[in-house]
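Quick look at work-v2.cif (mmCIF, C-alpha atoms):
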```cif
data_start
#
loop_
_atom_site.label_atom_id
_atom_site.label_comp_id
_atom_site.auth_asym_id
_atom_site.auth_seq_id
_atom_site.Cartn_x
_atom_site.Cartn_y
_atom_site.Cartn_z
CA ALA A 15 0.00 0.00 0.00
CA GLN A 16 1.14 3.52 -0.69
CA SER A 17 1.75 6.04 2.05
CA VAL A 18 3.21 9.46 2.68
CA THR A 19 5.10 10.79 5.69
CA GLN A 20 5.59 14.47 6.28
CA LEU A 21 8.31 15.27 8.79
CA GLY A 22 7.46 18.20 10.99
CA SER A 23 3.87 19.20 11.61
CA HIS A 24 4.95 22.80 12.21
CA VAL A 25 7.74 24.69 10.49
CA SER A 26 8.61 28.32 11.17
CA VAL A 27 10.91 30.42 8.99
CA SER A 28 11.78 34.08 8.72
CA GLU A 29 10.66 36.09 5.76
CA GLY A 30 13.31 35.76 3.04
CA ALA A 31 14.68 32.49 4.40
CA LEU A 32 14.72 29.13 2.67
CA VAL A 33 11.61 27.02 2.97
CA LEU A 34 12.11 23.25 3.19
CA LEU A 35 9.16 20.95 3.81
CA ARG A 36 9.92 17.25 3.93
CA CYS A 37 7.97 14.41 2.39
CA ASN A 38 8.83 10.74 2.14
CA TYR A 39 6.69 8.23 0.33
CA SER A 40 6.21 4.52 0.17
CA SER A 41 5.02 2.91 -3.02
CA SER A 42 5.38 -0.45 -4.68
CA VAL A 43 4.94 1.09 -8.13
CA PRO A 44 6.38 4.23 -9.71
CA PRO A 45 4.57 6.96 -7.82
CA TYR A 46 2.79 10.08 -8.87
CA LEU A 47 3.49 12.72 -6.24
CA PHE A 48 1.89 16.05 -5.43
CA TRP A 49 2.18 19.04 -3.16
CA TYR A 50 -0.94 20.98 -2.24
CA VAL A 51 -1.37 24.15 -0.20
CA GLN A 52 -4.38 25.01 1.91
CA TYR A 53 -5.20 28.46 3.25
CA PRO A 54 -7.65 28.80 6.15
CA ASN A 55 -11.22 27.87 5.25
CA GLN A 56 -10.21 27.04 1.70
CA GLY A 57 -9.84 23.94 -0.41
CA LEU A 58 -6.56 22.51 -1.65
CA GLN A 59 -4.56 24.23 -4.35
CA LEU A 60 -2.09 22.25 -6.43
CA LEU A 61 1.45 23.60 -6.12
CA LEU A 62 3.23 21.04 -8.28
CA LYS A 63 3.20 17.42 -9.37
CA TYR A 64 5.61 14.68 -10.36
CA THR A 65 4.31 12.27 -12.97
CA SER A 66 7.54 10.47 -14.00
CA ALA A 67 8.94 13.18 -16.26
CA ALA A 68 11.70 15.50 -14.99
CA THR A 69 12.79 14.78 -11.41
CA LEU A 70 13.03 18.49 -10.56
CA VAL A 71 9.55 19.90 -10.71
CA LYS A 72 8.78 23.59 -10.68
CA GLY A 73 5.45 24.79 -9.41
CA ILE A 74 3.56 27.95 -8.74
CA ASN A 75 4.60 30.78 -6.43
CA GLY A 76 8.30 29.93 -6.71
CA PHE A 77 8.07 26.46 -5.19
CA GLU A 78 9.88 23.43 -6.52
CA ALA A 79 10.39 19.82 -5.48
CA GLU A 80 12.86 17.13 -6.38
CA PHE A 81 11.92 13.48 -6.77
CA LYS A 82 14.67 11.26 -5.35
CA LYS A 83 13.90 7.61 -5.87
CA SER A 84 16.90 6.39 -3.88
CA GLU A 85 15.72 8.35 -0.85
CA THR A 86 11.99 7.90 -1.54
CA SER A 87 11.66 11.63 -1.00
CA PHE A 88 9.85 14.53 -2.60
CA HIS A 89 10.80 17.56 -0.50
CA LEU A 90 9.31 20.97 -1.24
CA THR A 91 11.54 24.04 -1.32
CA LYS A 92 11.35 27.74 -1.94
CA PRO A 93 14.48 29.91 -1.88
CA SER A 94 12.92 32.90 -0.16
CA ALA A 95 9.83 32.78 2.02
CA HIS A 96 7.13 35.40 1.75
CA MET A 97 4.52 36.24 4.34
CA SER A 98 1.84 35.03 1.93
CA ASP A 99 3.37 31.52 2.02
CA ALA A 100 2.00 30.97 5.52
CA ALA A 101 -0.43 28.09 5.09
CA GLU A 102 -0.71 24.33 5.51
CA TYR A 103 1.07 22.14 2.98
CA PHE A 104 0.15 18.58 2.09
CA CYS A 105 2.19 16.01 0.24
CA ALA A 106 0.21 13.29 -1.53
CA VAL A 107 0.78 10.15 -3.57
CA SER A 108 -1.63 8.95 -6.18
CA GLU A 109 -2.91 5.46 -6.59
CA TYR A 110 -3.49 5.71 -10.30
CA GLY A 111 -3.72 2.69 -12.48
CA GLY A 112 -6.58 3.23 -14.86
CA ALA A 113 -9.10 1.68 -12.54
CA THR A 114 -8.81 4.21 -9.78
CA ASN A 115 -7.81 7.76 -9.16
CA LYS A 116 -7.19 8.21 -5.44
CA LEU A 117 -4.91 10.51 -3.46
CA ILE A 118 -3.28 9.48 -0.21
CA PHE A 119 -2.26 12.49 1.85
CA GLY A 120 0.34 13.11 4.47
CA THR A 121 -0.66 14.70 7.75
CA GLY A 122 0.31 18.16 6.63
CA THR A 123 2.90 20.77 7.64
CA LEU A 124 1.81 24.14 8.93
CA LEU A 125 4.23 26.79 7.72
CA ALA A 126 4.58 29.99 9.69
CA VAL A 127 6.53 32.91 8.25
CA GLN A 128 7.93 35.39 10.75
CA PRO A 129 8.54 39.01 9.73
CA LYS B 26 -12.56 28.09 -17.08
CA ALA B 27 -14.77 27.53 -14.07
CA GLY B 28 -13.31 25.55 -11.20
CA VAL B 29 -14.87 22.92 -8.99
CA THR B 30 -17.97 24.25 -7.28
CA GLN B 31 -19.21 22.86 -4.01
CA THR B 32 -22.48 23.80 -2.40
CA PRO B 33 -23.33 24.75 0.20
CA ARG B 34 -20.20 26.23 1.79
CA TYR B 35 -21.48 25.83 5.33
CA LEU B 36 -24.04 23.56 6.94
CA ILE B 37 -25.23 23.03 10.48
CA LYS B 38 -27.21 19.87 11.15
CA THR B 39 -28.52 18.03 14.18
CA ARG B 40 -27.49 14.53 15.17
CA GLY B 41 -29.63 11.93 13.47
CA GLN B 42 -30.44 14.08 10.46
CA GLN B 43 -29.18 13.45 6.98
CA VAL B 44 -27.34 15.79 4.65
CA THR B 45 -26.60 16.03 0.93
CA LEU B 46 -23.60 17.87 -0.45
CA SER B 47 -23.15 18.82 -4.08
CA CYS B 48 -20.13 19.07 -6.35
CA SER B 49 -19.92 20.39 -9.90
CA PRO B 50 -16.64 19.37 -11.52
CA ILE B 51 -14.62 21.19 -14.12
CA SER B 52 -16.25 20.91 -17.51
CA GLY B 53 -15.01 17.79 -19.27
CA HIS B 54 -13.78 16.05 -16.13
CA ARG B 55 -15.41 12.68 -15.63
CA SER B 56 -13.78 11.67 -12.35
CA VAL B 57 -15.06 13.12 -9.09
CA SER B 58 -13.60 12.20 -5.71
CA TRP B 59 -14.68 13.11 -2.20
CA TYR B 60 -12.47 13.59 0.84
CA GLN B 61 -13.17 14.25 4.49
CA GLN B 62 -10.84 16.53 6.41
CA THR B 63 -10.80 16.62 10.21
CA PRO B 64 -8.16 17.83 12.67
CA GLY B 65 -7.80 14.36 14.15
CA GLN B 66 -7.81 12.15 11.04
CA GLY B 67 -6.54 14.55 8.42
CA LEU B 68 -7.55 14.09 4.79
CA GLN B 69 -9.29 10.80 4.14
CA PHE B 70 -10.59 9.43 0.87
CA LEU B 71 -14.32 8.75 0.81
CA PHE B 72 -15.06 7.57 -2.71
CA GLU B 73 -14.50 8.22 -6.38
CA TYR B 74 -16.96 8.25 -9.24
CA PHE B 75 -16.16 7.95 -12.91
CA SER B 76 -18.83 8.11 -15.60
CA GLU B 77 -21.61 7.56 -13.05
CA THR B 78 -19.95 4.47 -11.53
CA GLN B 79 -18.30 4.24 -8.15
CA ARG B 80 -14.76 3.19 -8.93
CA ASN B 81 -13.24 3.18 -5.48
CA LYS B 82 -14.40 3.53 -1.91
CA GLY B 83 -12.60 4.44 1.29
CA ASN B 84 -13.03 2.96 4.72
CA PHE B 85 -16.18 4.74 5.82
CA PRO B 86 -19.44 3.31 7.13
CA GLY B 87 -22.40 2.75 4.86
CA ARG B 88 -24.00 5.96 6.14
CA PHE B 89 -21.75 7.72 3.64
CA SER B 90 -22.89 7.34 0.07
CA GLY B 91 -22.61 9.16 -3.17
CA ARG B 92 -23.66 9.25 -6.76
CA GLN B 93 -22.73 10.87 -10.02
CA PHE B 94 -25.04 12.13 -12.71
CA SER B 95 -24.68 11.99 -16.45
CA ASN B 96 -23.33 15.55 -16.51
CA SER B 97 -20.59 14.44 -14.04
CA ARG B 98 -22.03 16.44 -11.17
CA SER B 99 -21.81 14.48 -7.96
CA GLU B 100 -23.58 14.39 -4.64
CA MET B 101 -22.63 12.77 -1.41
CA ASN B 102 -25.09 11.90 1.30
CA VAL B 103 -24.55 11.23 4.97
CA SER B 104 -27.43 9.67 6.85
CA THR B 105 -28.00 9.49 10.60
CA LEU B 106 -25.43 12.17 11.31
CA GLU B 107 -23.08 11.80 14.25
CA LEU B 108 -21.05 14.47 16.01
CA GLY B 109 -17.91 12.92 14.55
CA ASP B 110 -19.11 13.65 11.04
CA SER B 111 -18.33 17.32 11.59
CA ALA B 112 -15.65 18.04 9.03
CA LEU B 113 -14.66 19.85 5.88
CA TYR B 114 -15.79 17.81 2.92
CA LEU B 115 -13.75 18.36 -0.20
CA CYS B 116 -14.56 17.38 -3.74
CA ALA B 117 -11.93 16.99 -6.45
CA SER B 118 -12.36 16.53 -10.16
CA SER B 119 -9.91 15.02 -12.55
CA GLY B 120 -9.46 14.63 -16.27
CA GLU B 121 -7.69 11.82 -18.05
CA GLY B 122 -4.39 10.62 -16.67
CA PRO B 123 -2.80 11.11 -13.26
CA GLY B 124 -2.37 14.43 -11.63
CA GLY B 125 -5.29 16.48 -12.82
CA TYR B 126 -6.86 16.84 -9.41
CA THR B 127 -8.57 20.15 -8.84
CA PHE B 128 -10.31 20.72 -5.52
CA GLY B 129 -13.30 22.78 -4.63
CA SER B 130 -13.45 25.11 -1.63
CA GLY B 131 -15.26 22.50 0.40
CA THR B 132 -18.39 22.26 2.49
CA ARG B 133 -17.96 22.80 6.21
CA LEU B 134 -20.42 20.53 7.99
CA THR B 135 -21.08 21.02 11.68
CA VAL B 136 -23.20 18.45 13.51
CA VAL B 137 -24.68 19.60 16.81
#
```
As a first step, turn the structure in this file into C-alpha cells.
Amino acid sequence: AQSVTQLGSHVSVSEGALVLLRCNYSSSVPPYLFWYVQYPNQGLQLLLKYTSAATLVKGINGFEAEFKKSETSFHLTKPSAHMSDAAEYFCAVSEYGGATNKLIFGTGTLLAVQP
Amino acid sequence: KAGVTQTPRYLIKTRGQQVTLSCSPISGHRSVSWYQQTPGQGLQFLFEYFSETQRNKGNFPGRFSGRQFSNSRSEMNVSTLELGDSALYLCASSGEGPGGYTFGSGTRLTVV
C-alpha cells in the first residue's frame, strides 16, 4: 500500500529564508506525487506534481520539489519565504492505475513565516 | 474556465439528520472524488466516481454514500449524522491521466 510521511507538523521560517518541507513516500509502483497548499477555510490548491517526467519539478509561487527515488523523498523548497506563504502544505501520492484515481495524503505541515 | 464548485459552503445539522452535499466538476472532467478533512484524522478518501460508476471507496461506514449524474455532477449523502461527522468535505475533479486533481473550496459541515 502507498503512504506518505511528512516530517514536521509545524515549520517556522523568517521572511526571506529558505523554505524546506519534507515528504517521504512509500510505493510499490512508480509513484505520482503532489504538493498541495491550503489556506484557512479554503480547499486545496495544487502547487506542483511529479508524474515520472523531470525529477526536478517547478510549481507555482516559486516552489519546486525534487523526486529522489533512492531516498523515496519529494521535498518541497522555496528559496525565499514570503509572508503570503504561511499556510498548511500537504504532500500526496496517487494510486493511479486506470481503474482508480485516489490521493493518499500526508498529515500536513503548517508553515509559519515570521517578519 | 470555471473551477470545482461545491455547495453549500457551510451547513449546520442536528445529530440523526441526513445531509446532501453537491459538487460540480470542471467541464469535461469525468472523475469526481470526495475527501473528508478533520483535525484528528486529516484528509481521508471517501469515494471516487467515474462516468456515473463508483470506482473506489474508502473505509467509511455505509451511512456515507454518493452518486454521479450523467453531466458528471456528484452528490454525497450522509445519513444518521453523528457528532464525529463534523468536518470539511472536499470534492476533487480530474481529467484523463494522473495528476489532474482540482479541488473545490469544500463544504464545512457542523453536527450539533
### Task
List the residues matched by the PyMOL selection byres ((chain A) within 10 of (chain B)) in the displayed structure as a ChimeraX atom specification, ordered by chain and then by residue number.
/A:46-48,50,52,55-60,62-65,104,107-122
### Query
Can you list, as a list in words, every protein, DNA or RNA residue that comes within 8 Å of Ser49 (chain B) when you count only C-alpha atoms, leaving out same-chain residues fewer than 3 positions away?
Val29, Thr30, Gln31, Ser97, Arg98 and Ser99 of chain B
### Query
So which residues touch Glu85 (chain A) within 12 Å, counting all atoms listed in the file, skipping near sequence neighbours fewer than 2 positions away, as a VMD selection string?
chain A and resid 36 to 40 80 to 83 87 to 89
Enclose all atoms of region 103-122 of chain B listed in the file in an axis-aligned box, grow every side by 4 Å, and hand back centre and edge lengths in Å to one decimal, as AutoDock Vina command-line options.
```
--center_x -16.2 --center_y 14.7 --center_z -1.0 --size_x 31.6 --size_y 18.4 --size_z 42.1
```
### Query
What is the distance between CA of Tyr35 (chain B) and CA of Gln61 (chain B), in Å to one decimal?
14.3 Å
### Output of the PyMOL selection byres ((chain B and resi 36) around 10), listed as an NGL selection string
:B and (32-35 or 37-38 or 44-46 or 111 or 132-136)
### Message
Starting from the PyMOL selection byres ((chain A and resi 91) around 9), expand the selection into actual residues of this file and give them as an MDAnalysis selection string.
### Response
chainID A and resid 32:36 76:80 89:90 92:93
### Query
When you draw a straight line from CA of Gly73 (chain A) to CA of Ser47 (chain B), how long is it in Å?
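Taking CA of Gly73 (chain A) as the start and CA of Ser47 (chain B) as the end point, the length is 29.7 Å.
Interatomic distance, CA of Ser90 (chain B) against CA of Thr63 (chain B): 18.3 Å.
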Quick one: residues within 6 Å of Thr105 (chain B), all atoms listed in the file, excluding same-chain residues fewer than 3 positions away - as a tab-separated table (two decimals) with C-alpha atoms, keeping the file's coordinate frame?
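Saved to around10.tsv:
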```tsv
chain	number	residue	atom	x	y	z
B	41	GLY	CA	-29.63	11.93	13.47
B	42	GLN	CA	-30.44	14.08	10.46
B	43	GLN	CA	-29.18	13.45	6.98
```
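Remark: for Ser26 (chain A), the closest of the candidate residues A:Ala95, A:Cys105, A:Val51, A:Ala68 is A:Ala95 (distances computed over only C-alpha atoms).
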### Query
In terms of the shortest atom-to-atom distance over only C-alpha atoms, which of B:Pro86, B:Glu77, B:Thr39, B:Arg55 is closest to Glu107 (chain B)?
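Between B:Pro86, B:Glu77, B:Thr39, B:Arg55, the residue approaching Glu107 (chain B) most closely is B:Thr39.
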